[in-house]
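Peer 1: Have a look at this one.
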Amino acid sequence: MTDQATPKALVLGATGYTGQEVVRELRRRQVATVAHVRPDSARLAAWRDRFTALGATVDTTPWEEAALAAMIAQEKPTVVFALLGTTRKRKKMLAAGGGDPQTATYEAVDYGLTALAIRAAAQVDPAPRFVYLSAVGVSPTAKGEYYQVRARAEADLLASGLPHIIARPSFITGPDREDDRPAERFGAAAIDGALAVIGALGAAKLRDRFSSLTGGELGRALVELALDPGASGVFETPALRQRAS
Ligand SMILES: NC(=O)c1ccc[n+]([C@@H]2O[C@H](COP(=O)([O-])OP(=O)(O)OC[C@H]3O[C@@H](n4cnc5c(N)ncnc54)[C@H](OP(=O)(O)O)[C@@H]3O)[C@@H](O)[C@H]2O)c1
């Protein structure tokens, strides 16, 4: 049984836009937090400084199943957040820098690393709760590699038997995003604008499901859900927004 009375969190993907907000919110609530940073991160020292300043500890276990399972068994988190994902731009940048683009595919990262984390967490007793950041529209029948790999990650999580939360937000964006994602930012603004019109015309459910969340809102919602022993299952934007407030 997971002891939610004294929570401890492991954040995989801590360096991402959402991950940073999750670490911040966990520490704001004084939850013991381990922020995972990949060992080959070019910004490892900066991340260490930033997370340490928040009162989190930093772990750099390599992305190998046995090593990750051993770390989880040692740290004994009550909740593991998996907030990982790549983009086509990341893959192109890696290739341009002489790296292997196959290590930055949706299959390798969005599915592969998430599935590895699920398998590692499922080996540990007591089993931690697993919070997976998926995306709106994910279903086994949705077309497109991005949706299909995420549907498989969700299926793996269900099959693992781990207690879990699956979050399916729409765009995650805001003026505080450090990485340059103009398409996402303008796309979110355009969609939010169109959704406001649609909402005014009466389709409020559609507007609420596809409207964007900031990293701060999503971070608060994910931590709130993770620490609520009664919360379980799939949460889309309206429920996430409610938990963030
Ligand atoms: N952004 C959106 O609008 C949106 C909407 C719905 C769902 N989502 C999903 O939510 C997740 C998080 O979104 P976000 O915007 O917070 O992502 P993000 O800022 O791009 O962060 C991605 C995280 O994944 C890690 N990562 C990527 N490739 C890796 C690799 N090869 N090995 C190890 N770690 C790797 C990154 O670590 P490094 O910093 O070390 O690279 C980072 O911590 C993504 O999976 C995304 O698809 C996003």
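Each chain in the structure tokens gets a letter, A, B and so on, in the order shown; residues start at 1 in every chain, and ligands are counted from 1 in the order they appear.
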Taking only C-alpha atoms and all ligand atoms and a cut-off of 6 Å, can you tell me which residues surround ligand 1, written as a list in words?
Peer 2: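 With only C-alpha atoms and all ligand atoms and a cut-off of 6 Å, ligand 1 is contacted by Gly13, Ala14, Thr15, Gly16, Tyr17, Thr18, Gly19, Arg38, Ser41, Leu83, Leu84, Gly85, Thr86, Thr103, Ala104, Val109, Asp110, Leu133, Ser134, Ala135, Pro169, Ser170, Phe171, Ile172 and Thr173 of chain A.
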Peer 1: Residues near Glu236 of chain A, anyone? I mean within 10 Å using only C-alpha atoms, not counting same-chain ones fewer than 4 positions away, as a PDB file with N, CA, C and O atoms, in the first residue's frame.
Peer 2:
ATOM      1  N   SER A 134      -0.462  12.527 -20.522  1.00  0.00           N
ATOM      2  CA  SER A 134      -0.795  12.118 -21.883  1.00  0.00           C
ATOM      3  C   SER A 134      -1.309  13.352 -22.637  1.00  0.00           C
ATOM      4  O   SER A 134      -0.801  14.452 -22.408  1.00  0.00           O
ATOM      5  N   ALA A 135      -2.277  13.224 -23.493  1.00  0.00           N
ATOM      6  CA  ALA A 135      -2.754  14.377 -24.268  1.00  0.00           C
ATOM      7  C   ALA A 135      -4.200  14.157 -24.698  1.00  0.00           C
ATOM      8  O   ALA A 135      -4.632  13.011 -24.885  1.00  0.00           O
ATOM      9  N   VAL A 136      -4.909  15.259 -24.872  1.00  0.00           N
ATOM     10  CA  VAL A 136      -6.299  15.167 -25.310  1.00  0.00           C
ATOM     11  C   VAL A 136      -6.345  14.464 -26.676  1.00  0.00           C
ATOM     12  O   VAL A 136      -5.453  14.648 -27.497  1.00  0.00           O
ATOM     13  N   GLY A 137      -7.358  13.654 -26.854  1.00  0.00           N
ATOM     14  CA  GLY A 137      -7.527  12.974 -28.141  1.00  0.00           C
ATOM     15  C   GLY A 137      -6.874  11.608 -28.205  1.00  0.00           C
ATOM     16  O   GLY A 137      -7.048  10.883 -29.179  1.00  0.00           O
ATOM     17  N   ILE A 166      -4.112   9.583 -15.176  1.00  0.00           N
ATOM     18  CA  ILE A 166      -3.737   9.928 -16.553  1.00  0.00           C
ATOM     19  C   ILE A 166      -4.319  11.306 -16.844  1.00  0.00           C
ATOM     20  O   ILE A 166      -5.532  11.506 -16.723  1.00  0.00           O
ATOM     21  N   ALA A 167      -3.439  12.257 -17.188  1.00  0.00           N
ATOM     22  CA  ALA A 167      -3.908  13.604 -17.523  1.00  0.00           C
ATOM     23  C   ALA A 167      -3.886  13.773 -19.029  1.00  0.00           C
ATOM     24  O   ALA A 167      -2.893  13.435 -19.685  1.00  0.00           O
ATOM     25  N   ARG A 168      -4.999  14.267 -19.577  1.00  0.00           N
ATOM     26  CA  ARG A 168      -5.062  14.495 -21.028  1.00  0.00           C
ATOM     27  C   ARG A 168      -5.412  15.955 -21.308  1.00  0.00           C
ATOM     28  O   ARG A 168      -6.544  16.283 -21.647  1.00  0.00           O
ATOM     29  N   PRO A 169      -4.387  16.844 -21.174  1.00  0.00           N
ATOM     30  CA  PRO A 169      -4.641  18.250 -21.477  1.00  0.00           C
ATOM     31  C   PRO A 169      -4.611  18.516 -22.980  1.00  0.00           C
ATOM     32  O   PRO A 169      -4.144  17.676 -23.755  1.00  0.00           O
ATOM     33  N   SER A 170      -5.070  19.693 -23.376  1.00  0.00           N
ATOM     34  CA  SER A 170      -4.870  20.176 -24.742  1.00  0.00           C
ATOM     35  C   SER A 170      -3.517  20.895 -24.749  1.00  0.00           C
ATOM     36  O   SER A 170      -2.582  20.405 -24.097  1.00  0.00           O
ATOM     37  N   ASP A 208     -14.231  24.020 -23.350  1.00  0.00           N
ATOM     38  CA  ASP A 208     -13.553  23.667 -22.104  1.00  0.00           C
ATOM     39  C   ASP A 208     -12.586  22.502 -22.293  1.00  0.00           C
ATOM     40  O   ASP A 208     -11.546  22.436 -21.659  1.00  0.00           O
ATOM     41  N   ARG A 209     -12.918  21.581 -23.196  1.00  0.00           N
ATOM     42  CA  ARG A 209     -12.077  20.395 -23.384  1.00  0.00           C
ATOM     43  C   ARG A 209     -10.776  20.725 -24.102  1.00  0.00           C
ATOM     44  O   ARG A 209      -9.738  20.136 -23.828  1.00  0.00           O
ATOM     45  N   PHE A 210     -10.840  21.698 -25.042  1.00  0.00           N
ATOM     46  CA  PHE A 210      -9.666  21.951 -25.881  1.00  0.00           C
ATOM     47  C   PHE A 210      -8.921  23.233 -25.535  1.00  0.00           C
ATOM     48  O   PHE A 210      -7.922  23.557 -26.178  1.00  0.00           O
ATOM     49  N   LEU A 240      -8.913  19.173 -14.906  1.00  0.00           N
ATOM     50  CA  LEU A 240      -7.573  19.646 -14.518  1.00  0.00           C
ATOM     51  C   LEU A 240      -7.658  21.106 -14.078  1.00  0.00           C
ATOM     52  O   LEU A 240      -7.060  21.508 -13.076  1.00  0.00           O
ATOM     53  N   ARG A 241      -8.420  21.906 -14.830  1.00  0.00           N
ATOM     54  CA  ARG A 241      -8.552  23.330 -14.488  1.00  0.00           C
ATOM     55  C   ARG A 241      -9.188  23.479 -13.100  1.00  0.00           C
ATOM     56  O   ARG A 241      -8.797  24.325 -12.307  1.00  0.00           O
TER      57      ARG A 241
END
Peer 1: Please, which residues of segment 51-127 of chain A, numbered as in this document, come out strand (DSSP E) from DSSP, as a PyMOL selection string?
Peer 2: chain A and resi 57-59+79-82
Peer 1: Fewer than 6 positions away in the same chain doesn't count, so skip those; otherwise give me all residues within 10 Å of Ala155 of chain A, counting only C-alpha atoms, as a ChimeraX atom specification.
Peer 2: /A:115,139-140,149
Peer 1: Tell me, as a list of chain:residue names, which residues lie within 10 Å of Ala70 of chain A, counting only C-alpha atoms; anything in the same chain fewer than 2 positions away does not count.
Peer 2: A:Thr61, A:Glu65, A:Ala66, A:Ala67, A:Leu68, A:Ile72, A:Ala73, A:Gln74, A:Glu75, A:Lys76, A:Ala120, A:Ala121, A:Gln123, A:Val124
Peer 1: Measure the distance from atom CA of Met71 of chain A to atom CA of Thr57 of chain A in Å and round it to one decimal.
Peer 2: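 Interatomic distance, atom CA of Met71 of chain A to atom CA of Thr57 of chain A: 13.0 Å.
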Peer 1: Could you pull out the residues in segment 18-224 of chain A that DSSP calls helix (DSSP H, G or I) from the backbone, as number ranges by chain?
Peer 2: A: 18-28, 44-53, 65-75, 88-96, 101-104, 107-122, 145-160, 182-200, 204-210, 215-224
Peer 1: Which residue, A:Gly97, A:Gly161, A:Gly55, A:Pro128, has the smallest gap to Ala226 of chain A when you use only C-alpha atoms?
Peer 2: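 Checking each of A:Gly97, A:Gly161, A:Gly55, A:Pro128 against Ala226 of chain A, counting only C-alpha atoms, the winner is A:Pro128.
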Peer 1: Which of these residues is nearest to Ala53 of chain A, using only C-alpha atoms: A:Ser245, A:Ala231, A:Val23, A:Ala188?
Peer 2: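 Closest residue, counting only C-alpha atoms: A:Val23.
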Peer 1: Just checking: using only C-alpha atoms, which residue out of A:Ala189, A:Ala82, A:Val234, A:Ala239 ends up closest to Lys205 of chain A?
Peer 2: A:Ala239
